[in-house]
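**Q** my_file_7.txt is the file, holding compact mmCIF, C-alpha atoms:
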# COMPACT_ATOMS: atom_id res chain seq x y z
CA MET T 85 -16.26 38.52 -3.87
CA THR T 86 -13.94 36.16 -1.99
CA GLN T 87 -11.57 34.19 -4.20
CA GLN T 88 -11.53 30.43 -3.77
CA ALA T 89 -8.40 28.87 -2.38
CA ARG T 90 -6.16 27.29 -4.99
CA ALA T 91 -4.60 23.85 -4.81
CA VAL T 92 -2.10 22.33 -7.23
CA VAL T 93 -1.73 18.55 -7.20
CA ILE T 94 1.46 17.19 -8.75
CA GLY T 95 0.72 13.67 -9.97
CA GLY T 96 -2.42 12.24 -11.57
CA GLY T 97 -2.45 8.76 -10.08
CA ILE T 98 -5.07 7.39 -7.72
CA GLY T 99 -3.83 9.38 -4.71
CA GLY T 100 -3.47 12.63 -6.61
CA LEU T 101 -6.88 12.38 -8.27
CA ALA T 102 -8.54 11.42 -4.99
CA ALA T 103 -6.94 14.39 -3.23
CA ALA T 104 -8.01 16.70 -6.05
CA ALA T 105 -11.57 15.35 -5.94
CA ALA T 106 -11.74 15.72 -2.16
CA LEU T 107 -10.40 19.28 -2.25
CA HIS T 108 -12.75 20.20 -5.10
CA ARG T 109 -15.63 18.79 -3.09
CA THR T 110 -14.80 21.15 -0.22
CA GLY T 111 -14.61 24.23 -2.43
CA TRP T 112 -11.00 24.51 -3.58
CA THR T 113 -10.04 25.45 -7.13
CA VAL T 114 -7.89 22.49 -8.14
CA THR T 115 -5.32 21.90 -10.88
CA VAL T 116 -3.77 18.45 -11.39
CA LEU T 117 -0.45 18.30 -13.23
CA GLU T 118 0.43 14.87 -14.67
CA ARG T 119 3.70 14.37 -16.53
CA ALA T 120 2.45 11.41 -18.60
CA PRO T 121 0.59 12.08 -21.87
CA SER T 122 -2.60 10.53 -20.46
CA LEU T 123 -4.10 9.26 -17.22
CA ASP T 124 -3.74 5.65 -18.33
CA PRO T 125 -2.50 4.01 -15.13
CA VAL T 126 0.64 1.95 -14.75
CA GLY T 127 -0.44 -1.40 -13.35
CA ALA T 128 -3.25 -3.81 -13.99
CA ALA T 129 -5.68 -3.90 -11.07
CA ILE T 130 -6.07 -2.65 -7.53
CA SER T 131 -7.42 -4.30 -4.40
CA LEU T 132 -9.56 -2.12 -2.17
CA ALA T 133 -10.04 -2.99 1.46
CA PRO T 134 -12.94 -1.59 3.52
CA ASN T 135 -10.78 1.33 4.67
CA GLY T 136 -10.14 2.45 1.10
CA LEU T 137 -13.80 1.97 0.18
CA ARG T 138 -14.85 4.15 3.12
CA ALA T 139 -12.58 6.89 1.80
CA LEU T 140 -14.36 6.54 -1.55
CA ASP T 141 -17.69 6.82 0.28
CA VAL T 142 -16.55 10.28 1.37
CA LEU T 143 -16.12 11.15 -2.31
CA GLY T 144 -19.56 9.74 -3.12
CA ILE T 145 -18.47 6.78 -5.27
CA GLY T 146 -17.92 3.99 -2.76
CA ASP T 147 -21.05 2.00 -3.57
CA GLU T 148 -20.50 2.43 -7.30
CA ILE T 149 -17.02 0.97 -6.99
CA ARG T 150 -18.31 -1.89 -4.85
CA ASP T 151 -20.83 -2.72 -7.59
CA LEU T 152 -18.11 -2.75 -10.26
CA ALA T 153 -15.90 -5.14 -8.36
CA ALA T 154 -15.85 -8.89 -8.92
CA TRP T 155 -13.77 -10.24 -6.07
CA GLN T 156 -15.63 -10.09 -2.79
CA GLY T 157 -13.11 -11.69 -0.48
CA ASP T 158 -13.57 -15.40 -1.22
CA GLY T 159 -10.26 -17.19 -1.64
CA GLY T 160 -7.23 -18.07 0.36
CA LEU T 161 -3.61 -19.12 0.50
CA ARG T 162 -2.15 -22.18 -1.29
CA THR T 163 1.10 -24.04 -1.84
CA PRO T 164 2.61 -24.46 -5.35
CA GLY T 165 1.18 -27.98 -5.41
CA GLY T 166 -2.31 -26.63 -4.82
CA ARG T 167 -2.92 -27.47 -1.16
CA TRP T 168 -4.94 -24.86 0.71
CA LEU T 169 -3.16 -23.45 3.72
CA SER T 170 -5.87 -21.01 4.66
CA ARG T 171 -9.28 -20.01 3.29
CA SER T 172 -11.35 -16.88 3.72
CA SER T 173 -14.78 -15.71 2.60
CA ALA T 174 -16.60 -12.50 1.79
CA THR T 175 -18.84 -13.04 4.80
CA ALA T 176 -15.89 -13.44 7.16
CA ALA T 177 -14.26 -10.28 5.80
CA ALA T 178 -17.45 -8.25 6.07
CA ASP T 179 -18.12 -9.49 9.59
CA ARG T 180 -14.59 -8.67 10.73
CA PHE T 181 -14.15 -5.28 9.07
CA GLY T 182 -17.65 -4.05 8.31
CA GLY T 183 -17.29 -4.35 4.55
CA PRO T 184 -15.88 -6.42 1.69
CA LEU T 185 -12.45 -6.72 0.12
CA VAL T 186 -12.81 -6.06 -3.60
CA LEU T 187 -10.70 -5.98 -6.74
CA LEU T 188 -11.17 -4.00 -9.95
CA PRO T 189 -9.13 -2.72 -12.90
CA ARG T 190 -6.99 0.23 -11.87
CA ALA T 191 -8.13 2.14 -14.96
CA THR T 192 -11.74 1.96 -13.78
CA LEU T 193 -10.93 3.67 -10.50
CA VAL T 194 -8.78 6.30 -12.23
CA ASP T 195 -11.61 7.09 -14.65
CA ARG T 196 -14.17 7.44 -11.88
CA LEU T 197 -11.94 9.71 -9.81
CA ALA T 198 -11.12 11.89 -12.81
CA ALA T 199 -14.85 12.22 -13.56
CA LEU T 200 -15.33 13.92 -10.17
CA LEU T 201 -13.23 16.89 -11.33
CA PRO T 202 -14.41 19.81 -13.45
CA PRO T 203 -13.37 20.04 -17.12
CA GLY T 204 -9.84 21.33 -17.56
CA ALA T 205 -8.75 20.55 -14.01
CA VAL T 206 -6.36 17.82 -15.18
CA ARG T 207 -3.41 18.79 -17.37
CA THR T 208 -1.56 15.84 -18.87
CA ALA T 209 1.90 16.02 -20.47
CA SER T 210 2.69 18.57 -17.76
CA PRO T 211 5.83 17.72 -15.82
CA ALA T 212 6.02 19.95 -12.78
CA ALA T 213 8.50 20.94 -10.12
CA LEU T 214 8.06 22.64 -6.77
CA ALA T 215 9.68 26.07 -6.97
CA ASP T 216 8.74 27.28 -3.48
CA ALA T 217 6.98 25.35 -0.70
CA GLY T 218 5.43 28.60 0.55
CA ASP T 219 4.70 29.62 4.13
CA ARG T 220 2.06 31.52 6.10
CA THR T 221 2.98 34.79 4.43
CA ARG T 222 3.23 33.72 0.79
CA PRO T 223 1.72 31.10 -1.55
CA ALA T 224 3.58 28.09 -2.82
CA ARG T 225 4.82 28.12 -6.41
CA VAL T 226 4.98 25.31 -8.98
CA ARG T 227 6.75 25.37 -12.32
CA ALA T 228 4.99 23.52 -15.14
CA GLY T 229 6.90 24.04 -18.36
CA ALA T 230 6.85 27.74 -19.17
CA ASP T 231 4.09 28.37 -16.64
CA GLU T 232 4.38 29.15 -12.95
CA LEU T 233 1.37 28.52 -10.75
CA GLU T 234 0.76 29.97 -7.29
CA ALA T 235 -1.37 28.09 -4.79
CA GLU T 236 -2.44 28.13 -1.16
CA LEU T 237 -1.76 24.37 -1.12
CA VAL T 238 0.50 22.07 -3.15
CA VAL T 239 0.03 18.31 -2.93
CA GLY T 240 2.98 16.16 -3.91
CA ALA T 241 1.44 12.92 -5.19
CA ASP T 242 4.23 12.10 -7.60
CA GLY T 243 5.05 8.56 -6.51
CA VAL T 244 7.88 6.64 -4.94
CA ASN T 245 10.54 8.69 -6.76
CA SER T 246 8.87 11.96 -5.79
CA ARG T 247 10.67 15.12 -6.80
CA VAL T 248 8.48 17.10 -4.41
CA ARG T 249 9.69 14.94 -1.52
CA GLY T 250 13.27 15.54 -2.61
CA ALA T 251 12.67 19.29 -2.59
CA LEU T 252 11.07 19.26 0.87
CA PHE T 253 13.48 16.80 2.52
CA PRO T 254 16.74 16.84 0.54
CA VAL T 255 18.74 14.90 3.15
CA HIS T 256 16.32 11.96 3.25
CA PRO T 257 17.90 8.89 1.58
CA GLY T 258 14.85 8.24 -0.59
CA PRO T 259 13.52 4.86 -1.72
CA ALA T 260 15.34 1.59 -1.10
CA TYR T 261 15.08 -1.69 -2.99
CA ALA T 262 12.81 -4.10 -1.10
CA GLY T 263 14.69 -7.18 -2.33
CA PHE T 264 12.13 -8.51 -4.78
CA THR T 265 10.62 -7.83 -8.17
CA THR T 266 7.02 -8.14 -9.34
CA TRP T 267 5.11 -9.04 -12.49
CA ARG T 268 1.50 -8.07 -13.27
CA VAL T 269 -0.88 -9.12 -16.03
CA LEU T 270 -4.54 -8.44 -16.82
CA VAL T 271 -5.78 -10.77 -19.55
CA PRO T 272 -8.94 -12.58 -20.74
CA VAL T 273 -8.86 -16.27 -19.84
CA PRO T 274 -11.67 -18.31 -21.50
CA CYS T 275 -13.84 -20.35 -19.11
CA ALA T 276 -11.86 -19.21 -16.06
CA GLU T 277 -13.69 -20.46 -12.99
CA PHE T 278 -11.70 -20.60 -9.77
CA ALA T 279 -11.47 -19.05 -6.34
CA SER T 280 -9.12 -16.12 -5.89
CA HIS T 281 -5.91 -17.25 -4.29
CA GLU T 282 -2.36 -16.35 -3.45
CA THR T 283 0.26 -19.09 -3.64
CA TRP T 284 3.49 -19.04 -1.64
CA GLY T 285 6.62 -20.94 -2.60
CA PRO T 286 10.20 -20.50 -1.41
CA GLY T 287 11.30 -17.03 -2.49
CA ARG T 288 8.32 -16.70 -4.82
CA LEU T 289 4.59 -16.04 -4.77
CA TRP T 290 1.75 -15.88 -7.26
CA GLY T 291 -1.78 -14.44 -7.06
CA THR T 292 -4.73 -15.06 -9.38
CA HIS T 293 -8.08 -13.24 -9.26
CA PRO T 294 -11.03 -13.31 -11.71
CA LEU T 295 -12.61 -9.94 -12.51
CA LYS T 296 -16.22 -9.08 -13.28
CA ASP T 297 -15.50 -8.26 -16.93
CA GLY T 298 -14.19 -11.77 -17.69
CA ARG T 299 -10.52 -10.95 -17.41
CA VAL T 300 -8.08 -12.36 -14.88
CA TYR T 301 -5.70 -10.30 -12.83
CA ALA T 302 -2.52 -12.16 -11.91
CA TYR T 303 0.62 -11.02 -10.16
CA ALA T 304 3.85 -12.65 -9.14
CA ALA T 305 6.82 -11.72 -6.99
CA ALA T 306 10.26 -13.23 -6.52
CA THR T 307 13.50 -12.35 -4.82
CA ALA T 308 15.94 -11.09 -7.44
CA PRO T 309 18.80 -8.62 -7.84
CA ALA T 310 17.67 -5.05 -8.46
CA GLY T 311 17.42 -4.20 -12.14
CA GLU T 312 17.43 -7.80 -13.36
CA HIS T 313 15.44 -8.65 -16.50
CA ALA T 314 14.69 -11.85 -18.37
CA PRO T 315 17.22 -12.82 -21.05
CA ASP T 316 14.37 -13.36 -23.53
CA ASP T 317 11.01 -11.98 -22.39
CA GLU T 318 9.09 -11.73 -19.14
CA LYS T 319 6.43 -14.26 -20.13
CA ALA T 320 9.19 -16.82 -20.58
CA GLU T 321 10.52 -15.85 -17.17
CA LEU T 322 7.11 -16.43 -15.61
CA LEU T 323 6.88 -19.84 -17.28
CA ARG T 324 10.26 -20.80 -15.90
CA ARG T 325 9.36 -19.74 -12.38
CA TYR T 326 5.66 -20.69 -12.17
CA GLY T 327 4.77 -22.87 -15.14
CA ASP T 328 4.58 -26.08 -13.09
CA TRP T 329 2.49 -24.61 -10.25
CA HIS T 330 -1.11 -25.65 -9.63
CA ASP T 331 -4.13 -24.88 -11.82
CA PRO T 332 -5.22 -22.34 -12.99
CA ILE T 333 -1.72 -20.82 -13.16
CA PRO T 334 -0.67 -22.72 -16.35
CA ALA T 335 -3.94 -21.69 -18.07
CA VAL T 336 -3.42 -18.06 -17.13
CA LEU T 337 0.15 -18.13 -18.43
CA ALA T 338 -1.04 -19.71 -21.69
CA ALA T 339 -3.32 -16.71 -22.24
CA VAL T 340 -0.53 -14.18 -21.63
CA ARG T 341 1.46 -12.53 -24.41
CA PRO T 342 4.94 -11.18 -23.69
CA GLU T 343 3.70 -7.62 -24.16
CA ASP T 344 1.00 -8.15 -21.51
CA VAL T 345 3.54 -8.52 -18.70
CA LEU T 346 4.53 -5.53 -16.60
CA ARG T 347 7.64 -6.11 -14.51
CA ARG T 348 8.77 -3.70 -11.83
CA ASP T 349 11.22 -3.84 -8.94
CA VAL T 350 9.71 -2.94 -5.58
CA HIS T 351 11.09 0.09 -3.79
CA HIS T 352 9.89 1.54 -0.52
CA LEU T 353 10.76 4.23 1.99
CA ALA T 354 12.67 2.18 4.52
CA GLN T 355 13.35 5.33 6.56
CA PRO T 356 10.16 7.24 7.44
CA LEU T 357 10.02 10.94 6.71
CA PRO T 358 10.17 13.41 9.61
CA ALA T 359 6.88 14.96 8.45
CA TYR T 360 4.47 14.88 5.52
CA HIS T 361 4.39 18.64 5.09
CA SER T 362 6.52 21.74 4.90
CA GLY T 363 5.15 25.24 4.44
CA ARG T 364 2.07 25.03 2.24
CA THR T 365 3.13 21.74 0.63
CA VAL T 366 2.13 18.21 1.63
CA LEU T 367 3.08 14.72 0.48
CA LEU T 368 0.55 11.99 -0.16
CA GLY T 369 0.54 8.31 -1.13
CA ASP T 370 3.79 6.73 -2.30
CA ALA T 371 5.52 10.10 -2.22
CA ALA T 372 5.01 10.11 1.55
CA HIS T 373 5.09 6.44 2.56
CA ALA T 374 5.85 4.05 -0.29
CA MET T 375 5.53 0.50 1.02
CA PRO T 376 5.83 -3.03 -0.39
CA PRO T 377 2.57 -4.30 -1.95
CA THR T 378 2.40 -7.29 0.39
CA LEU T 379 -0.67 -5.97 2.26
CA GLY T 380 -2.27 -4.37 -0.80
CA GLN T 381 -2.44 -1.07 1.09
CA GLY T 382 -0.54 1.39 -1.10
CA GLY T 383 -3.62 2.69 -2.92
CA ASN T 384 -5.86 2.36 0.11
CA GLN T 385 -3.55 4.50 2.24
CA ALA T 386 -3.38 7.12 -0.51
CA LEU T 387 -7.19 7.29 -0.48
CA GLU T 388 -7.16 7.70 3.29
CA ASP T 389 -4.55 10.47 2.92
CA ALA T 390 -6.76 12.30 0.44
CA VAL T 391 -9.86 12.55 2.59
CA VAL T 392 -7.98 13.25 5.82
CA LEU T 393 -6.13 16.07 4.07
CA ALA T 394 -9.16 17.67 2.47
CA PHE T 395 -12.12 17.44 4.79
CA PRO T 396 -10.70 18.60 8.14
CA HIS T 397 -9.58 21.71 6.24
CA ALA T 398 -12.98 22.40 4.68
CA ARG T 399 -13.06 25.69 6.64
CA LEU T 400 -10.35 26.96 4.28
CA ARG T 401 -12.50 26.65 1.17
CA THR T 402 -13.30 30.36 0.95
CA GLY T 403 -9.66 31.23 0.60
CA GLY T 404 -9.39 33.22 3.78
CA GLY T 405 -7.29 30.70 5.66
CA THR T 406 -3.83 29.31 5.35
CA ALA T 407 -2.82 25.77 4.39
CA GLY T 408 0.46 25.99 6.29
CA GLY T 409 1.58 25.65 9.86
CA ALA T 410 -0.68 23.93 12.35
CA ASP T 411 -3.30 22.87 9.78
CA LEU T 412 -0.93 20.72 7.77
CA ALA T 413 0.85 19.69 10.93
CA ALA T 414 -2.47 18.08 11.89
CA TYR T 415 -2.37 16.10 8.64
CA THR T 416 1.13 14.86 9.46
CA ALA T 417 0.04 14.01 13.01
CA ALA T 418 -2.93 12.04 11.72
CA ARG T 419 -1.19 10.17 8.91
CA LEU T 420 2.50 9.64 9.69
CA PRO T 421 2.16 7.26 12.67
CA ARG T 422 -0.51 5.14 10.98
CA THR T 423 1.19 4.82 7.60
CA THR T 424 4.59 4.19 9.19
CA ALA T 425 3.15 1.31 11.22
CA ILE T 426 1.38 -0.16 8.17
CA ALA T 427 4.53 0.14 6.06
CA ARG T 428 6.49 -1.78 8.69
CA ARG T 429 3.82 -4.49 8.72
CA ALA T 430 4.06 -4.69 4.92
CA VAL T 431 7.82 -5.19 5.18
CA ARG T 432 7.33 -7.98 7.73
CA ALA T 433 4.67 -9.61 5.57
CA GLY T 434 7.08 -9.53 2.64
CA ARG T 435 9.76 -11.27 4.65
CA LEU T 436 7.27 -13.94 5.71
CA GLY T 437 5.88 -14.56 2.23
CA MET T 438 9.14 -14.28 0.30
CA THR T 439 11.48 -16.37 2.44
CA GLY T 440 13.73 -18.50 0.25
CA ASN T 441 14.65 -20.94 3.01
CA ARG T 442 12.66 -24.14 2.37
CA ALA T 443 12.80 -25.27 5.99
CA VAL T 444 11.55 -21.89 7.20
CA ALA T 445 8.84 -21.93 4.52
CA ALA T 446 7.68 -25.37 5.66
CA VAL T 447 7.41 -24.21 9.28
CA ARG T 448 5.62 -21.06 8.13
CA ASN T 449 3.05 -23.12 6.20
CA THR T 450 2.42 -25.37 9.20
CA VAL T 451 1.87 -22.39 11.47
CA ILE T 452 -0.46 -20.69 8.97
CA THR T 453 -2.58 -23.81 8.67
CA ALA T 454 -2.76 -24.25 12.44
CA LEU T 455 -3.67 -20.63 13.08
CA SER T 456 -6.31 -20.64 10.36
CA THR T 457 -7.86 -23.82 11.72
CA ALA T 458 -8.09 -22.33 15.19
CA GLY T 459 -9.56 -18.99 14.12
CA PRO T 460 -9.93 -16.46 11.28
CA ALA T 461 -7.67 -16.95 8.29
CA LEU T 462 -4.22 -15.37 8.55
CA PHE T 463 -5.14 -13.37 5.45
CA LEU T 464 -7.89 -11.61 7.41
CA ARG T 465 -5.87 -11.25 10.59
CA GLY T 466 -3.27 -9.34 8.60
CA PHE T 467 -5.81 -6.53 8.10
CA ASP T 468 -6.66 -6.04 11.77
CA GLY T 469 -6.16 -2.40 12.68
CA ILE T 470 -5.99 -1.50 8.98
CA ALA T 471 -9.20 -2.40 7.20
CA ASP T 472 -11.42 -1.24 10.07
CA TRP T 473 -10.34 2.42 9.65
CA ARG T 474 -13.05 5.03 9.31
CA PRO T 475 -12.76 8.74 8.48
CA PRO T 476 -12.20 10.53 11.79
CA TYR T 477 -15.02 13.05 11.51
CA ALA T 478 -17.94 10.84 10.39
CA SER T 479 -18.70 7.63 8.60
CA GLY T 480 -18.04 7.77 4.87
CA ARG T 481 -21.68 7.43 3.83
CA GLU T 482 -22.78 10.15 6.25
CA HIS T 483 -20.22 12.59 4.92
CA ALA T 484 -20.80 11.61 1.29
CA GLY T 485 -24.37 12.87 1.61
CA GLN T 486 -23.30 16.32 2.77
CA ARG T 487 -22.70 19.20 0.41
Here is the file; what I need is its structure written in the form of structure tokens.
**A**
Amino acid sequence: MTQQARAVVIGGGIGGLAAAAALHRTGWTVTVLERAPSLDPVGAAISLAPNGLRALDVLGIGDEIRDLAAWQGDGGLRTPGGRWLSRSSATAAADRFGGPLVLLPRATLVDRLAALLPPGAVRTASPAALADAGDRTRPARVRAGADELEAELVVGADGVNSRVRGALFPVHPGPAYAGFTTWRVLVPVPCAEFASHETWGPGRLWGTHPLKDGRVYAYAAATAPAGEHAPDDEKAELLRRYGDWHDPIPAVLAAVRPEDVLRRDVHHLAQPLPAYHSGRTVLLGDAAHAMPPTLGQGGNQALEDAVVLAFPHARLRTGGGTAGGADLAAYTAARLPRTTAIARRAVRAGRLGMTGNRAVAAVRNTVITALSTAGPALFLRGFDGIADWRPPYASGREHAGQR
């Protein structure tokens, strides 16, 4: 009897779980090693564009996730005083990209992805290190505590500070500080009724989005020195920076406790990697192409990575093939140019939204308003060439129905 091919995924975040689910769906025996004691995600919510939802269609859960989501694309861009610079709608987004833009708690997506895996496939509290990337003649090896696992494929999905990336490309400089820090909260806000929006001020921005379960997801970003923290607590810092901005921002801040606020500096891979694979080992998500969150594409690109990696290699599911060489080179060829271009666009979007020069910000606002009056909102234009992605072999729903 032919043995199934083995895959070890290092990292149990959205990208790692999606890759594991996709590989499992095509017949691989999958083990996910997550260093944290549980799969509880870091972060509050995630925005999914049509491209990410189509990747979830491939895994069979796209429509379920769409049904769970509250935000359907209505909203726009505002100034701190409340003036609308640009407005968008769910209909406009669906017409432009063939599907909605949605938002849901990150934990919900993690739970649904984990549920696609067989019992025992995920090992938490299991820090892992790549011992050998493998090649066509030998399997890759991963150390996990006292255990050593061999696999025909290793997926490094261990985030922006990836140790797998460091092992594969030791001369790469690694992540760089993007120049700004972020705050995220997910809290209940009584009687919250408002349109989703992002608000841009000089050197600062704020976003507020109601969720289907009655909570509000809010995020903020500001230029700041790397490693800086509030002298008291991060809620107080948010009040200082955003407390006098338009409604409903003060109401959201009033509902926040200091312990609800997650602050994190933004790091990205300013220098692209030469490849996303070496031997039998591949990189995926932030480990491969960490980018600023300004386009909301980090998770979406990880989902794309997962299905592109798994399904073109379905012929390997019986274990007779190799995951090295030309096969994984095809993954690099498919993903590196696209993700590099999107990462650069995210950097440019960050510079546009986070400029601290008031004169430049005023000109920016005028241009945004003019462009949005003459055609689709700038918010939607920013997703052209991104949100319209489809899996290369078939539409998501077509493939999701295949076994």
**Q** Counting all atoms listed in the file, which of T:Glu282, T:Thr439, T:Pro356, T:His361 gets nearest to Pro164 in chain T?
**A**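 Smallest separation from Pro164 in chain T among the options: T:Glu282.
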**Q** Could you jot down the CA of Trp284 in chain T to CA of Gly437 in chain T separation for me, Å, one decimal place?
**A**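 A separation of 6.4 Å between them.
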**Q** How would you write as a list in words the residues that get within 10 Å of (-1.2, -20.0, -15.3) in the file's frame, counting all atoms listed in the file?
**A** Val273, Trp290, Gly291, Thr292, Ala302, Leu322, Leu323, Tyr326, Gly327, Asp328, Trp329, His330, Asp331, Pro332, Ile333, Pro334, Ala335, Val336, Leu337, Ala338, Ala339 and Val340 of chain T
**Q** Tell me, as a PDB file with C-alpha atoms, in the coordinates of the input, which residues lie within 10 Å of Gly298 in chain T, counting all atoms listed in the file; anything in the same chain fewer than 4 positions away does not count.
**A**
ATOM      1  CA  ALA T 154     -15.850  -8.890  -8.920  1.00  0.00           C
ATOM      2  CA  VAL T 271      -5.780 -10.770 -19.550  1.00  0.00           C
ATOM      3  CA  PRO T 272      -8.940 -12.580 -20.740  1.00  0.00           C
ATOM      4  CA  VAL T 273      -8.860 -16.270 -19.840  1.00  0.00           C
ATOM      5  CA  PRO T 274     -11.670 -18.310 -21.500  1.00  0.00           C
ATOM      6  CA  CYS T 275     -13.840 -20.350 -19.110  1.00  0.00           C
ATOM      7  CA  ALA T 276     -11.860 -19.210 -16.060  1.00  0.00           C
ATOM      8  CA  GLU T 277     -13.690 -20.460 -12.990  1.00  0.00           C
ATOM      9  CA  PRO T 294     -11.030 -13.310 -11.710  1.00  0.00           C
TER      10      PRO T 294
END
**Q** May I ask which of the residues T:Leu346, T:Leu289, T:His373, T:Ala178 is the closest one to Asn135 in chain T, counting only C-alpha atoms?
**A**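 With only C-alpha atoms as the atom set, the closest residue is T:Ala178.
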**Q** With distances taken over all atoms listed in the file, which of T:Gly243, T:Gly382, T:Gly218, T:Pro223 is nearest to Ser362 in chain T?
**A**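 Among the listed residues, T:Gly218 lies closest to Ser362 in chain T.
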**Q** For Glu118 in chain T, work out the shell of residues within 8 Å, counting only C-alpha atoms and skipping chain neighbours fewer than 2 positions away, then give it as JSON, numbers by chain.
**A** {"T": [94, 95, 96, 116, 120, 121, 122, 123, 206, 207, 208, 209, 210, 211, 212]}
**Q** Only C-alpha atoms, please: the residues just picked out, written as a PDB file, in the frame of the given file.
**A**
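And here is the file that came out, out-v6.pdb:
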ATOM      1  CA  ILE T  94       1.460  17.190  -8.750  1.00  0.00           C
ATOM      2  CA  GLY T  95       0.720  13.670  -9.970  1.00  0.00           C
ATOM      3  CA  GLY T  96      -2.420  12.240 -11.570  1.00  0.00           C
ATOM      4  CA  VAL T 116      -3.770  18.450 -11.390  1.00  0.00           C
ATOM      5  CA  ALA T 120       2.450  11.410 -18.600  1.00  0.00           C
ATOM      6  CA  PRO T 121       0.590  12.080 -21.870  1.00  0.00           C
ATOM      7  CA  SER T 122      -2.600  10.530 -20.460  1.00  0.00           C
ATOM      8  CA  LEU T 123      -4.100   9.260 -17.220  1.00  0.00           C
ATOM      9  CA  VAL T 206      -6.360  17.820 -15.180  1.00  0.00           C
ATOM     10  CA  ARG T 207      -3.410  18.790 -17.370  1.00  0.00           C
ATOM     11  CA  THR T 208      -1.560  15.840 -18.870  1.00  0.00           C
ATOM     12  CA  ALA T 209       1.900  16.020 -20.470  1.00  0.00           C
ATOM     13  CA  SER T 210       2.690  18.570 -17.760  1.00  0.00           C
ATOM     14  CA  PRO T 211       5.830  17.720 -15.820  1.00  0.00           C
ATOM     15  CA  ALA T 212       6.020  19.950 -12.780  1.00  0.00           C
TER      16      ALA T 212
END
**Q** What does the distance between CA of Thr457 in chain T and CA of Ser170 in chain T come to in Å, to one decimal place?
**A**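 Result for CA of Thr457 in chain T versus CA of Ser170 in chain T: 7.9 Å, one decimal.
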**Q** Which one is closest to Phe395 in chain T: T:Leu140, T:Ala471, T:Leu107, T:Leu132? Count only C-alpha atoms.
**A** T:Leu107
**Q** Restricting the calculation to only C-alpha atoms: of T:Gln381, T:Thr424, T:Thr192, T:Thr365, which residue gets closest to Ala128 in chain T?
**A** T:Thr192
**Q** Neighbours of Ala305 in chain T within 7 Å (all atoms listed in the file; same-chain residues fewer than 4 positions away dropped), as a PyMOL selection string?
**A** chain T and resi 264-267+288-290
**Q** Check the smallest atom-to-atom distance from each of T:Asp344, T:Asp349, T:Asp216, T:Glu321 to Pro309 in chain T using all atoms listed in the file, then report the winner.
**A** T:Asp349
**Q** How far is it from CA of Leu368 in chain T to CA of Leu464 in chain T, in Å with one decimal?
**A**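 Separation between CA of Leu368 in chain T and CA of Leu464 in chain T: 26.2 Å.
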